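Please read the structure below before turning to the comments.
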Amino acid sequence: MKGLVIIGACIGAMGAVYAAAAGQFSSTLSAQKIVDRQEGEDPFTGFRRAHAKGICVAGVFKSNGQLAAFSQASIFEKAETEFVGRFSIGGRNPTAPDLAAGVRSLALDFRMDNGERWRTAMNINPVLAVRDPASFYEQLAATAPDPETGKPSPDRIEAFFADHPESADFREWQSRFTPSSSFATETYHSVNAFLLKGEAGRETGVRWSLVPVAPIAEATLEGQDALQKELFERLDEGPVQFRFLFHVAEAEDDLNDPSQAWPTERQQIEAGIVEIVSAEPQAQGACNGINFDPLILPAGIEPTADPILHARSSAYAVSLRRRALETLLEQTK
Amino acid sequence: MTPVRLPLSMRLIHWTTAALVLSLIGLGLAMTDSLANWRIAGIQLHKLAGLCVLVLTVVRLSLRAREPLPELPAHVSRLQQRVAGLVQVMIYLLLVAIPLSGWAMQGAAGNPVKVFGALTLPQIAPESLVLYGALREAHGFFAISLLLLIMLHIAGALYHGLVLRDGVLRRML
Ligand code: HEM
Ligand code: HEM
Ligand code: HEM
């Protein structure tokens, strides 16, 4: 009898330990909870839970060798590396009108010769409104559509910003930003900072951005898919190019705070040209299955301790798992 | 009566595997939903340790194929032997299927599996969202199934050790 009790206690304790490991008794914020808020009440199954609407692109990065002294990643040697990428707009709705979106984005997946991959997902905003995942979670609630009006409530957003003084740089950017008439003429930012690892342990904190080569054109766009249509037309004429700029942090720049802009006079290194040569719709496109997890990095680039950066990686994995399962179930129906 | 024990090699592999697998399941469950900065190191460790389990299991199965386990004491009924044997076969299947599904799902997601910094392992599955969907769910489901079987297995081993006191537990100690 005593033996059975001991056995029961052991097995019960074991079950409890694993349930605890799986977060069953914990109320701390998790990636699931964040993605639950991002996808909203009735999710668009099979699509990304954020930046759901996008278009696949492909091209090549022509490195000029300038960054090789800072990072051992082979992609920065003077060479060319192919990539698959994706232009997208912010939001959960895969059929939202392109021109209504407040955020435009470009994500890239570099396929290096040595088998390594490097993913980066960049936005037009150079900074975030928040610096920690809990505030991001609050922001999702503050910007969610009001059940009564179906639209985000300006009052709640105001109140959120007032509670979050760290959003000053973001709001400043927002107030002076005017969207251009093309995905090809926006500047895209890594927002989070990373560490470049060079020879002899040399370490450099950086953010990067893609700066368009083409000048902004005056154009009147129309239609639900205005930006996608414009991109296809533009690519018929020739490749779309961006300069790949790295901004070098100085001692007073906090590498772990994505809400603070760095002074514009920081050293900039141009690593080469990112050249987009083709585009295709995302359904069945080469980018559709890719999770542009910002922590898929080659040797020579390392994450900072920025908690937003790490939260992103976890949330992207949850989003990927959900849409992958939904796509599987859809196909086996 | 001198107590029968399994060969030292088998015992060592059993306990190394047991420690690795029990930690791996806990780490896997804790890391997938975590927002913490240790997650990324946790995933790397998880992949490495998971691949070690795969290697250990292959070694273990070939050892077993070469030399069958010593017979169980006569009083252990045929039914009991059958059940214990079945649980062990299922554990072995999962000890192969779980790390393979983990490795393959990384391929399906196009994530290189890097070990010891520099070495990138071959991609054992083509990049595909649908395939990732299947392998990711399989990996999680198999791991939970393994955990339940292990609980059954431990309950059985302790039953021999604490209640029957018939030397079966000692075979593995
Ligand atoms: C805590 C902060 C953030 C969270 C929780 C978050 C979450 C997500 C999620 C769940 C996805 C869908 C991933 C997928 O299924 O493939 C996504 C996509 C994306 N995110 Fe974020 N995000 C955050 C911050 C950022 C920041 C700072 C940037 C830009 C610098 C960014 C840029 C993007 C882009 C470009 C995509 C679309 C990638 C693609 O084209 O597939 N996100 N985000
Ligand atoms: C015996 C070996 C292994 C065991 C017992 C195991 C167990 C687990 C468990 C319990 C989870 C959490 C599942 C869930 O939340 O649904 C997990 C997740 C994961 N496993 Fe394993 N695993 C093993 C081997 C591997 C290997 C060899 C790899 C890759 C090379 C791998 C890659 C992963 C990854 C990437 C995740 C997280 C996926 C995500 O974030 O969605 N595992 N594993
Ligand atoms: C921690 C508690 C555990 C105890 C007390 C325990 C005990 C035992 C005992 C006494 C045997 C010998 C049965 C016989 O002689 O026929 C055995 C065999 C076995 N155990 Fe465990 N075990 C434990 C954990 C595990 C775990 C976690 C695994 C799987 C990962 C596992 C997998 C096996 C397998 C496959 C066998 C078959 C014999 C062999 O091929 O080595 N055990 N165990």
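For the structure tokens, the naming scheme is as follows: chains receive sequential letters (A, B, ...) according to their order of presentation, residues are indexed from 1 within each chain, and ligands are indexed from 1 in presentation order.
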
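Near ligand 3, at distances of 7 Å or less and with only C-alpha atoms and all ligand atoms counted, sit the residues Leu6, Met10, Arg11, His14, Thr17, Ala18, Ala19, Val21, Leu22, Arg60, Arg64, Leu72, Gln88, Val89, Ile91, Tyr92, Leu95, Ile150, His153, Ile154, Ala157, Leu158, Val168, Leu169, Arg170, Arg171 and Met172 of chain B.
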
Neighbours of chain B in chain A at 8 Å, counting only C-alpha atoms, as a VMD selection string: chain A and resid 1 3 to 4 7 to 8 11 14 18 21 to 23 29 to 32 115 to 117 133 288 to 291 295 to 296 299 305 307 310 to 311 314 to 315 318 321 323 to 328

Please save N, CA and C atoms of the selected residues as a compact mmCIF listing (two decimals), in the first residue's frame.
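Below you can see result.txt, which holds the result:
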# COMPACT_ATOMS: atom_id res chain seq x y z
N MET A 1 0.82 -1.21 0.00
CA MET A 1 0.00 0.00 0.00
C MET A 1 0.86 1.26 0.00
N GLY A 3 3.84 1.53 -0.95
CA GLY A 3 4.50 1.59 -2.24
C GLY A 3 3.63 2.28 -3.28
N LEU A 4 2.35 1.88 -3.32
CA LEU A 4 1.45 2.46 -4.32
C LEU A 4 1.29 3.96 -4.13
N ILE A 7 4.28 5.67 -5.47
CA ILE A 7 4.24 5.69 -6.94
C ILE A 7 3.27 6.75 -7.43
N GLY A 8 2.08 6.76 -6.83
CA GLY A 8 1.08 7.76 -7.22
C GLY A 8 1.61 9.17 -7.04
N ILE A 11 4.24 10.02 -9.80
CA ILE A 11 3.67 10.27 -11.12
C ILE A 11 2.87 11.58 -11.12
N MET A 14 5.20 14.43 -11.22
CA MET A 14 5.78 14.57 -12.55
C MET A 14 4.82 15.31 -13.48
N TYR A 18 5.48 19.04 -15.43
CA TYR A 18 5.38 19.30 -16.88
C TYR A 18 4.25 20.27 -17.21
N ALA A 21 5.75 23.51 -16.60
CA ALA A 21 6.68 23.88 -17.67
C ALA A 21 5.91 24.40 -18.88
N ALA A 22 4.75 23.82 -19.14
CA ALA A 22 3.94 24.24 -20.29
C ALA A 22 3.16 25.51 -20.00
N GLY A 23 3.37 26.08 -18.80
CA GLY A 23 2.75 27.36 -18.49
C GLY A 23 1.31 27.27 -18.03
N LEU A 29 2.66 36.98 -19.42
CA LEU A 29 2.40 37.19 -20.84
C LEU A 29 3.15 36.14 -21.66
N SER A 30 2.48 35.63 -22.69
CA SER A 30 3.10 34.62 -23.54
C SER A 30 2.92 35.00 -25.00
N ALA A 31 3.65 34.29 -25.85
CA ALA A 31 3.52 34.53 -27.28
C ALA A 31 2.10 34.20 -27.76
N GLN A 32 1.51 33.16 -27.18
CA GLN A 32 0.13 32.80 -27.57
C GLN A 32 -0.81 33.97 -27.31
N GLY A 115 25.02 27.68 -46.98
CA GLY A 115 23.85 27.02 -46.41
C GLY A 115 23.17 27.81 -45.30
N GLU A 116 23.83 28.89 -44.85
CA GLU A 116 23.21 29.70 -43.81
C GLU A 116 22.09 30.55 -44.39
N ARG A 117 21.18 30.99 -43.51
CA ARG A 117 20.11 31.88 -43.92
C ARG A 117 20.14 33.11 -43.02
N PRO A 133 7.56 43.94 -24.22
CA PRO A 133 6.43 43.17 -24.75
C PRO A 133 5.11 43.47 -24.03
N ASN A 288 5.55 32.61 -49.22
CA ASN A 288 4.39 32.36 -48.37
C ASN A 288 4.72 31.48 -47.16
N GLY A 289 5.56 30.48 -47.38
CA GLY A 289 5.87 29.56 -46.29
C GLY A 289 6.94 30.09 -45.34
N ILE A 290 7.57 31.20 -45.72
CA ILE A 290 8.71 31.64 -44.92
C ILE A 290 8.25 32.39 -43.69
N ASN A 291 8.85 32.06 -42.55
CA ASN A 291 8.64 32.81 -41.33
C ASN A 291 9.82 33.78 -41.21
N LEU A 295 15.30 36.41 -35.69
CA LEU A 295 16.43 35.76 -35.00
C LEU A 295 17.00 34.58 -35.79
N ILE A 296 16.64 34.46 -37.07
CA ILE A 296 17.36 33.52 -37.94
C ILE A 296 18.53 34.31 -38.51
N ALA A 299 26.18 33.23 -38.63
CA ALA A 299 27.31 33.51 -37.74
C ALA A 299 27.89 34.84 -38.18
N ALA A 305 20.01 42.11 -26.47
CA ALA A 305 19.11 41.63 -25.41
C ALA A 305 17.76 42.35 -25.46
N PRO A 307 14.25 43.07 -25.45
CA PRO A 307 13.18 42.10 -25.18
C PRO A 307 12.13 42.04 -26.28
N HIS A 310 13.26 39.51 -28.95
CA HIS A 310 13.06 38.11 -28.56
C HIS A 310 11.58 37.75 -28.56
N ALA A 311 10.75 38.70 -28.14
CA ALA A 311 9.30 38.45 -28.16
C ALA A 311 8.81 38.26 -29.60
N SER A 314 9.40 34.70 -30.85
CA SER A 314 8.47 33.73 -30.28
C SER A 314 7.07 33.88 -30.89
N ALA A 315 6.62 35.12 -31.05
CA ALA A 315 5.29 35.35 -31.63
C ALA A 315 5.24 34.90 -33.10
N VAL A 318 4.64 31.23 -33.24
CA VAL A 318 3.25 30.87 -32.93
C VAL A 318 2.36 31.13 -34.15
N ARG A 321 3.00 28.49 -36.75
CA ARG A 321 2.40 27.20 -36.42
C ARG A 321 0.91 27.21 -36.73
N ARG A 323 -0.84 29.18 -38.85
CA ARG A 323 -1.24 29.24 -40.27
C ARG A 323 -0.80 27.99 -41.02
N ALA A 324 0.29 27.35 -40.57
CA ALA A 324 0.74 26.12 -41.23
C ALA A 324 -0.29 25.01 -41.01
N LEU A 325 -0.78 24.88 -39.78
CA LEU A 325 -1.78 23.85 -39.49
C LEU A 325 -3.05 24.12 -40.29
N GLU A 326 -3.47 25.39 -40.34
CA GLU A 326 -4.69 25.72 -41.08
C GLU A 326 -4.53 25.43 -42.57
N THR A 327 -3.35 25.73 -43.11
CA THR A 327 -3.11 25.45 -44.53
C THR A 327 -3.13 23.95 -44.78
N LEU A 328 -2.55 23.19 -43.85
CA LEU A 328 -2.57 21.72 -43.97
C LEU A 328 -4.00 21.20 -43.96

Expected selection as a PyMOL selection string for ligand 1 within 7 Å, only C-alpha atoms and all ligand atoms: chain A and resi 34-35+48-51+54+86-88+105-107+121-123+128+133+136+189-192+290-292+308-309+311-312+315-320+323

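The nearest approach to Ala168 (chain A) among the residues A:Val213, A:Ala13, A:Leu108, A:Ala129, with only C-alpha atoms taken into account, belongs to A:Ala129.
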
Atom 29 (C, counted along the ligand's line) of ligand 2 to CA of Ser101 (chain B), distance in Å rounded to a single decimal: 7.6 Å

Atomic distance CA of Leu56 (chain B) - atom 27 (C, counted along the ligand's line) of ligand 2, expressed in Å with one decimal: 12.1 Å

Shell around Pro152 (chain A) at 12 Å using only C-alpha atoms, local window under 4 positions removed, as a PyMOL selection string: chain A and resi 139-148+156-158

Could you save those same residues with all heavy atoms as a CSV table (one decimal), in the first residue's frame?
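Listed below is the output, out07.csv:
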chain,number,residue,atom,x,y,z
A,139,GLN,N,-0.7,48.0,-26.2
A,139,GLN,CA,-0.9,48.8,-27.4
A,139,GLN,C,-1.8,48.0,-28.4
A,139,GLN,O,-2.7,48.6,-29.0
A,139,GLN,CB,0.5,49.0,-28.1
A,139,GLN,CG,0.4,50.0,-29.3
A,139,GLN,CD,1.7,50.1,-30.1
A,139,GLN,OE1,2.6,49.4,-29.8
A,139,GLN,NE2,1.7,51.0,-31.0
A,140,LEU,N,-1.7,46.7,-28.4
A,140,LEU,CA,-2.6,45.9,-29.3
A,140,LEU,C,-4.1,46.1,-28.9
A,140,LEU,O,-5.0,46.2,-29.7
A,140,LEU,CB,-2.3,44.4,-29.2
A,140,LEU,CG,-1.0,44.0,-30.0
A,140,LEU,CD1,-0.7,42.5,-29.7
A,140,LEU,CD2,-1.1,44.2,-31.5
A,141,ALA,N,-4.3,46.2,-27.5
A,141,ALA,CA,-5.6,46.4,-27.0
A,141,ALA,C,-6.1,47.8,-27.4
A,141,ALA,O,-7.2,48.0,-27.8
A,141,ALA,CB,-5.7,46.1,-25.6
A,142,ALA,N,-5.2,48.8,-27.2
A,142,ALA,CA,-5.6,50.2,-27.4
A,142,ALA,C,-5.9,50.5,-28.8
A,142,ALA,O,-6.7,51.3,-29.1
A,142,ALA,CB,-4.4,51.1,-26.9
A,143,THR,N,-5.3,49.7,-29.8
A,143,THR,CA,-5.5,50.0,-31.2
A,143,THR,C,-6.5,49.1,-31.8
A,143,THR,O,-6.8,49.2,-33.0
A,143,THR,CB,-4.1,50.0,-32.0
A,143,THR,OG1,-3.5,48.7,-31.7
A,143,THR,CG2,-3.2,51.1,-31.6
A,144,ALA,N,-7.0,48.2,-31.1
A,144,ALA,CA,-8.0,47.2,-31.6
A,144,ALA,C,-9.3,47.9,-31.9
A,144,ALA,O,-9.6,48.9,-31.3
A,144,ALA,CB,-8.3,46.1,-30.6
A,145,PRO,N,-10.0,47.5,-32.9
A,145,PRO,CA,-11.3,48.1,-33.3
A,145,PRO,C,-12.3,48.1,-32.1
A,145,PRO,O,-12.4,47.1,-31.4
A,145,PRO,CB,-11.8,47.3,-34.5
A,145,PRO,CG,-10.8,46.3,-34.8
A,145,PRO,CD,-9.7,46.3,-33.8
A,146,ASP,N,-12.9,49.2,-31.9
A,146,ASP,CA,-14.0,49.3,-30.9
A,146,ASP,C,-15.2,48.4,-31.3
A,146,ASP,O,-15.6,48.5,-32.5
A,146,ASP,CB,-14.4,50.7,-30.7
A,146,ASP,CG,-15.2,51.0,-29.5
A,146,ASP,OD1,-16.3,50.3,-29.4
A,146,ASP,OD2,-14.8,51.8,-28.7
A,147,PRO,N,-15.7,47.5,-30.5
A,147,PRO,CA,-16.8,46.7,-30.9
A,147,PRO,C,-18.0,47.5,-31.4
A,147,PRO,O,-18.7,47.0,-32.3
A,147,PRO,CB,-17.2,45.9,-29.6
A,147,PRO,CG,-16.2,46.2,-28.6
A,147,PRO,CD,-15.2,47.3,-29.1
A,148,GLU,N,-18.2,48.7,-30.9
A,148,GLU,CA,-19.4,49.4,-31.3
A,148,GLU,C,-19.2,50.1,-32.6
A,148,GLU,O,-20.1,50.0,-33.5
A,148,GLU,CB,-19.7,50.5,-30.2
A,148,GLU,CG,-20.5,49.9,-29.1
A,148,GLU,CD,-20.8,50.9,-28.0
A,148,GLU,OE1,-20.8,52.1,-28.2
A,148,GLU,OE2,-21.1,50.4,-26.9
A,156,ARG,N,-8.8,56.1,-26.9
A,156,ARG,CA,-8.0,55.1,-26.2
A,156,ARG,C,-6.6,55.1,-26.7
A,156,ARG,O,-5.6,54.9,-25.9
A,156,ARG,CB,-8.6,53.7,-26.5
A,156,ARG,CG,-9.6,53.3,-25.4
A,156,ARG,CD,-9.9,51.8,-25.5
A,156,ARG,NE,-10.4,51.4,-26.8
A,156,ARG,CZ,-10.4,50.2,-27.3
A,156,ARG,NH1,-9.9,49.2,-26.6
A,156,ARG,NH2,-10.9,49.9,-28.5
A,157,ILE,N,-6.4,55.4,-28.0
A,157,ILE,CA,-5.0,55.5,-28.5
A,157,ILE,C,-4.3,56.7,-27.8
A,157,ILE,O,-3.1,56.6,-27.4
A,157,ILE,CB,-5.1,55.6,-30.0
A,157,ILE,CG1,-5.7,54.4,-30.6
A,157,ILE,CG2,-3.7,55.9,-30.6
A,157,ILE,CD1,-5.8,54.4,-32.1
A,158,GLU,N,-5.0,57.8,-27.7
A,158,GLU,CA,-4.4,59.0,-27.1
A,158,GLU,C,-4.0,58.6,-25.6
A,158,GLU,O,-2.9,58.9,-25.2
A,158,GLU,CB,-5.5,60.1,-27.0
A,158,GLU,CG,-5.3,61.4,-27.7
A,158,GLU,CD,-3.8,61.5,-28.3
A,158,GLU,OE1,-3.0,62.0,-27.5
A,158,GLU,OE2,-3.6,61.2,-29.4

Residue nearest Thr57 (chain B) among B:Leu45, B:Leu24, B:Ile124, B:Ile13 (counting only C-alpha atoms): B:Ile13

All strand (DSSP E) positions in region 9-247 of chain A, as a PyMOL selection string: chain A and resi 53-63+80-89+104-111+117-123+188-189+194-197+203-212+240-247

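Across the model, the gap from CA of Phe183 (chain A) to CA of Ile216 (chain A) is 10.2 Å.
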
Minimum-distance residue to Lys62 (chain A), chosen among A:Val5, A:Leu227, A:Val274, A:Ala283 (using only C-alpha atoms):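 Once distances to Lys62 (chain A) are computed over only C-alpha atoms, the minimum belongs to A:Val274.
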
Residue with smallest distance to ligand 2 - pool A:Asp293, A:Asp306, A:Ser182, A:Asn114, counting only C-alpha atoms and all ligand atoms: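 So, comparing all the options, the nearest one is A:Asp293.
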